[in-house]
Amino acid sequence: MFKLTNKRIILGVTGGIAAYKSAELVRRLQDQGAQVRVVMTPGAEEFVRPLTMQALSGHPVFTGLLDEKAEAGMGHIELAKWGDLLLIAPASADFIANMVHGRADSLLGAIYLATPALVSVAPAMNHEMWKHPATSDNVDTLRDRQVHVIGPDSGIQACGDIGPGRMVGPEIIVDQISEFFKTGELQGIHVVITAGPTREALDPVRYVSNYSSGKMGYAIASAAIDAGALVTLISGPVNLIEPEGCKFLSVVSAEEMLSAVLEVSESAHIFIGAAAVSDYKIESVSEEKIKSNDETLTLTLRKSPDIIQSVAKKYEQLFVVGFAAESNNLEGYAKEKLEKKGLDAIIANDISRSDIGFNSDSNEVSWIDKNSSLIFSKRSKTQLARDIIQQILKSFHHNR
Ligand SMILES: Cc1cc2nc3c(=O)[nH]c(=O)nc-3n(C[C@H](O)[C@H](O)[C@H](O)COP(=O)(O)O)c2cc1C
């Protein structure tokens with residue numbers, strides 16, 4: 001079972017002997033399904049070559065802060081927003097001190113200050129450095145700021161001394177960070193999620209569909225699993241790996257999705273409709289492949305069942321969250337949908353923007369419920385999914 005499927009990890013490497021272990025760490029993170037981007041401090045480059053990390057991660061390594069070329073690609077703020085976790089391993093005494101003081105004179109320091117992601121450090125240093133009150137105070141300060149500290153281990157050190165300060169092994173780091181993603185807040189709650197597009201057949205080889213990638217729904221499913229929920233993910237056809245730890249149902253058409261939803265939602269507490277369901281289906285599907293002899297072809301479309309409205313009506317106990325993908329009058333249409341369909345909350349998505357939404361890895365959405373409305377500014381879909389789960393949790397308990 002993969003522990004870190006689709007999680008985006010920025011691996012910060014700082015200047016210490018243990019930097020060589022980061023090479024293995026990259027591999028282990030990737031083996032568990034994570035996407036990894038490596039950032040090295042100038043100190044780290046004295047110990048391992050960026051080329052090694054580039055070859056292992058399969059991506060260019062980020063090093064300099066004031067690098068025009070790198071900024072023109074994925075700039076440092078963009079990289080900071082990309083990550084779900086900033087893992088600094090090894091974390092030198094010097095870099096820990098820099099974090100405490102909020103220094104942004106290195107790329108990694110700037111990313112630490114700019115990232116909304118979880119932050120974790122795996123310190124590695126000589127045992128006297130580790131035990132020094134300056135380092136102890138610094139580590140305590142980071143802990144107070146919700147930075148997860150992994151290790152260090154005790155044992156023989158590179159310098160020959162014995163004591164605490166060795167970086168913990170890559171396999172233990174991987175185990176510990178996969179635990180950070182688990183919050184357990186939805187323990188005992190059954191969440192049904194729909195994701196992806198639906199396909200409406202025209203004939204045996206053609207269909208009508210839409211551009212939905214399913215990424216948002218899958219990210220929400222992963223976030224709900226991490227929160228300890230019992231998750232049923234009902235998915236249309238997508239090119240994504242199904243998240244571990246959920247009941248997975250694969251469907252094609254809107255009608256199939258509706259029957260799967262109605263069947264599993266009886267015992268559910270929360271329903272999140274993130275699928276882009278075809279609003280219309282072909283009225284009469286041709287049994288034979290339609291010939292292409294004619295200049296024009298007229299198709300009659302008939303309204304498909306409204307899944308979210310049906311489920312909200314049938315199961316009144318459900319806390320129902322819908323998505324509204326709109327290209328104009330976002331909030332107006334979203335509010336209309338909320339009321340008309342009897343939803344508890346709606347997440348509105350501006351699909352007219354090319355940098356977010358369909359197929360993109362990031363999104364910016366508005367959350368609208370009966371009492372409030374708020375904006376989740378642009379962030380990775382994984383991070384957004386975690387924030388959405390938190391918001392659902394608040395409203396769900398408030399409504400109970
Ligand atoms: C051979 C050698 C090994 C070092 N090992 C460590 C170490 O394991 N941990 C540490 O905190 N500093 C270590 N240092 C000191 C750091 O490399 C130094 O503080 C550097 O400025 C750290 O840079 P950075 O934190 O920006 O990456 C070592 C220095 C040398 C010369």
# chains A, B, ... in the order shown; residues from 1 in each chain; ligands from 1
call {"tool": "residues_near_ligand", "arguments": {"ligand": "ligand 1", "cutoff": "7 Å", "atoms": "only C-alpha atoms and all ligand atoms", "output": "MDAnalysis selection string"}}
result
chainID A and resid 14:18 41:44 91:95 124:126
call {"tool": "select_by_dssp", "arguments": {"residues": "range 30-171 of chain A", "states": "strand (DSSP E or B)", "output": "PyMOL selection string"}}
result
chain A and resi 35-40+62+85-91+118-123+148-149+153-156+162-166
call {"tool": "write_last_selection", "arguments": {"atoms": "C-alpha atoms", "output": "CSV table (one decimal), in the first residue's frame"}}
result
chain,number,residue,atom,x,y,z
A,35,GLN,CA,5.9,13.8,-6.1
A,36,VAL,CA,9.2,15.3,-4.9
A,37,ARG,CA,11.0,18.6,-5.7
A,38,VAL,CA,14.4,19.2,-4.2
A,39,VAL,CA,15.6,22.5,-2.8
A,40,MET,CA,19.3,22.7,-1.7
A,62,PHE,CA,16.2,24.4,-7.0
A,85,LEU,CA,4.6,19.3,2.9
A,86,LEU,CA,8.0,21.0,3.3
A,87,LEU,CA,10.4,18.4,4.6
A,88,ILE,CA,13.8,19.6,5.6
A,89,ALA,CA,16.1,16.6,5.9
A,90,PRO,CA,18.8,16.9,7.1
A,91,ALA,CA,18.1,20.2,8.9
A,118,LEU,CA,2.9,21.4,6.7
A,119,VAL,CA,6.5,21.8,7.7
A,120,SER,CA,8.7,19.1,9.1
A,121,VAL,CA,12.5,19.0,10.0
A,122,ALA,CA,14.8,16.1,10.6
A,123,PRO,CA,17.7,17.6,12.5
A,148,HIS,CA,7.1,18.6,13.3
A,149,VAL,CA,10.5,17.6,14.5
A,153,ASP,CA,18.6,9.4,16.6
A,154,SER,CA,21.4,8.5,19.0
A,155,GLY,CA,24.5,6.5,18.2
A,156,ILE,CA,27.9,6.8,16.7
A,162,ILE,CA,28.5,9.0,20.5
A,163,GLY,CA,25.3,10.7,21.3
A,164,PRO,CA,22.0,12.2,20.0
A,165,GLY,CA,22.1,14.1,16.7
A,166,ARG,CA,22.1,11.5,13.9
call {"tool": "residues_around", "arguments": {"residues": "Thr232 in chain A", "least_positions_apart": "3", "cutoff": "6 Å", "atoms": "only C-alpha atoms", "output": "list in words"}}
result
Val192, Cys246, Lys247 and Phe248 of chain A
call {"tool": "atom_distance", "arguments": {"atom1": "CA of Gly33 in chain A", "atom2": "CA of Leu4 in chain A"}}
result
5.2 Å
call {"tool": "atom_distance", "arguments": {"atom1": "CA of Lys281 in chain A", "atom2": "CA of Ala195 in chain A"}}
result
18.2 Å
call {"tool": "select_by_dssp", "arguments": {"residues": "range 145-210 of chain A", "states": "helix (DSSP H, G or I)", "output": "PyMOL selection string"}}
result
chain A and resi 170-180
call {"tool": "write_last_selection", "arguments": {"atoms": "C-alpha atoms", "output": "short mmCIF file (atom, residue, chain, number, x, y, z; two decimals), in the first residue's frame"}}
result
data_model
loop_
_atom_site.label_atom_id
_atom_site.label_comp_id
_atom_site.auth_asym_id
_atom_site.auth_seq_id
_atom_site.Cartn_x
_atom_site.Cartn_y
_atom_site.Cartn_z
CA PRO A 170 14.80 7.60 5.51
CA GLU A 171 12.29 4.76 6.05
CA ILE A 172 11.34 6.15 9.49
CA ILE A 173 11.02 9.67 8.07
CA VAL A 174 8.63 8.35 5.40
CA ASP A 175 6.55 6.53 8.05
CA GLN A 176 6.35 9.59 10.26
CA ILE A 177 5.39 12.08 7.57
CA SER A 178 2.61 9.83 6.30
CA GLU A 179 1.20 10.01 9.83
CA PHE A 180 1.15 13.85 9.69
#
call {"tool": "closest_residue", "arguments": {"among": "A:Ala324, A:Gln309, A:Tyr207, A:Ser352", "to": "Lys340 in chain A", "atoms": "only C-alpha atoms"}}
result
A:Gln309
call {"tool": "decode", "arguments": {"residues": "range 251-374 of chain A", "atoms": "C-alpha atoms", "output": "short mmCIF file (atom, residue, chain, number, x, y, z; two decimals), in the first residue's frame"}}
result
data_model
loop_
_atom_site.label_atom_id
_atom_site.label_comp_id
_atom_site.auth_asym_id
_atom_site.auth_seq_id
_atom_site.Cartn_x
_atom_site.Cartn_y
_atom_site.Cartn_z
CA VAL A 251 -19.12 4.38 -13.33
CA VAL A 252 -19.50 5.82 -16.82
CA SER A 253 -22.83 7.60 -17.35
CA ALA A 254 -24.81 10.03 -15.19
CA GLU A 255 -27.49 7.38 -14.69
CA GLU A 256 -24.95 4.85 -13.44
CA MET A 257 -23.50 7.46 -11.12
CA LEU A 258 -26.95 8.29 -9.75
CA SER A 259 -27.82 4.68 -8.94
CA ALA A 260 -24.42 4.12 -7.26
CA VAL A 261 -24.88 7.32 -5.23
CA LEU A 262 -28.39 6.45 -4.09
CA GLU A 263 -27.35 2.93 -3.15
CA VAL A 264 -24.41 3.88 -0.94
CA SER A 265 -25.71 7.13 0.58
CA GLU A 266 -28.35 5.59 2.83
CA SER A 267 -25.77 4.98 5.56
CA ALA A 268 -23.72 8.11 4.79
CA HIS A 269 -23.34 11.31 6.82
CA ILE A 270 -21.74 13.60 4.23
CA PHE A 271 -22.11 13.73 0.46
CA ILE A 272 -19.67 15.74 -1.66
CA GLY A 273 -20.62 16.05 -5.32
CA ALA A 274 -17.37 17.00 -7.07
CA ALA A 275 -18.15 15.16 -10.31
CA ALA A 276 -18.86 17.14 -13.47
CA VAL A 277 -22.02 15.25 -14.38
CA SER A 278 -23.31 15.62 -17.94
CA ASP A 279 -26.46 17.71 -17.71
CA TYR A 280 -27.86 16.12 -20.86
CA LYS A 281 -27.77 12.69 -22.43
CA ILE A 282 -28.49 11.62 -26.00
CA GLU A 283 -32.21 10.91 -26.26
CA SER A 284 -31.86 7.85 -28.45
CA VAL A 285 -28.50 6.11 -28.50
CA SER A 286 -27.81 4.51 -31.86
CA GLU A 287 -27.16 0.78 -31.68
CA GLU A 288 -25.03 0.97 -34.81
CA LYS A 289 -22.10 3.29 -35.39
CA ILE A 290 -23.50 6.50 -36.86
CA LYS A 291 -22.35 6.92 -40.48
CA SER A 292 -20.51 10.09 -41.44
CA ASN A 293 -22.10 10.54 -44.89
CA ASP A 294 -24.24 13.55 -44.06
CA GLU A 295 -22.97 17.14 -43.85
CA THR A 296 -24.88 17.81 -40.67
CA LEU A 297 -26.01 15.63 -37.82
CA THR A 298 -28.73 16.61 -35.41
CA LEU A 299 -28.80 15.11 -31.97
CA THR A 300 -31.59 15.50 -29.47
CA LEU A 301 -30.44 15.79 -25.89
CA ARG A 302 -32.57 15.09 -22.87
CA LYS A 303 -31.93 16.33 -19.34
CA SER A 304 -29.98 13.85 -17.22
CA PRO A 305 -31.02 13.12 -13.63
CA ASP A 306 -29.77 15.74 -11.15
CA ILE A 307 -27.68 13.59 -8.84
CA ILE A 308 -27.03 16.08 -6.09
CA GLN A 309 -30.63 17.27 -5.92
CA SER A 310 -31.88 13.66 -5.88
CA VAL A 311 -29.58 12.62 -3.06
CA ALA A 312 -30.32 15.74 -0.99
CA LYS A 313 -34.05 15.10 -1.37
CA LYS A 314 -33.96 11.37 -0.68
CA TYR A 315 -31.66 11.39 2.35
CA GLU A 316 -32.46 14.32 4.60
CA GLN A 317 -29.87 13.24 7.18
CA LEU A 318 -27.07 13.91 4.69
CA PHE A 319 -24.89 16.99 4.85
CA VAL A 320 -24.69 17.75 1.14
CA VAL A 321 -21.90 19.78 -0.47
CA GLY A 322 -22.06 20.61 -4.16
CA PHE A 323 -19.67 22.18 -6.65
CA ALA A 324 -20.67 24.93 -9.04
CA ALA A 325 -18.39 25.31 -12.04
CA GLU A 326 -19.33 28.65 -13.57
CA SER A 327 -17.77 30.87 -16.21
CA ASN A 328 -19.62 34.03 -15.12
CA ASN A 329 -21.66 35.42 -12.19
CA LEU A 330 -19.97 32.82 -9.96
CA GLU A 331 -21.46 33.73 -6.60
CA GLY A 332 -24.92 34.56 -7.92
CA TYR A 333 -25.37 31.22 -9.71
CA ALA A 334 -23.81 29.31 -6.83
CA LYS A 335 -26.27 30.80 -4.31
CA GLU A 336 -29.17 30.04 -6.64
CA LYS A 337 -28.02 26.41 -6.89
CA LEU A 338 -27.60 26.14 -3.12
CA GLU A 339 -31.20 27.12 -2.51
CA LYS A 340 -32.80 25.40 -5.48
CA LYS A 341 -31.18 22.04 -4.82
CA GLY A 342 -31.48 22.11 -1.02
CA LEU A 343 -27.73 21.87 -0.38
CA ASP A 344 -25.92 22.61 2.87
CA ALA A 345 -22.95 24.21 1.15
CA ILE A 346 -21.60 24.88 -2.30
CA ILE A 347 -18.06 25.29 -3.55
CA ALA A 348 -17.91 27.66 -6.50
CA ASN A 349 -15.27 27.30 -9.14
CA ASP A 350 -14.41 29.92 -11.80
CA ILE A 351 -13.77 27.87 -14.95
CA SER A 352 -13.14 30.96 -17.10
CA ARG A 353 -9.63 31.20 -15.57
CA SER A 354 -6.99 29.15 -17.34
CA ASP A 355 -4.63 28.89 -14.33
CA ILE A 356 -7.08 27.05 -12.05
CA GLY A 357 -9.96 24.60 -12.18
CA PHE A 358 -10.40 21.83 -14.80
CA ASN A 359 -7.25 19.76 -15.32
CA SER A 360 -5.07 22.19 -13.38
CA ASP A 361 -3.18 21.11 -10.24
CA SER A 362 -4.28 24.24 -8.37
CA ASN A 363 -7.61 25.79 -7.67
CA GLU A 364 -9.19 28.83 -6.04
CA VAL A 365 -12.76 28.47 -4.84
CA SER A 366 -15.49 30.22 -2.87
CA TRP A 367 -17.29 28.39 -0.08
CA ILE A 368 -20.91 29.41 0.34
CA ASP A 369 -23.30 28.05 2.94
CA LYS A 370 -26.51 29.35 4.51
CA ASN A 371 -24.68 31.52 7.02
CA SER A 372 -21.39 32.46 5.46
CA SER A 373 -19.26 32.81 2.40
CA LEU A 374 -15.47 32.74 2.20
#
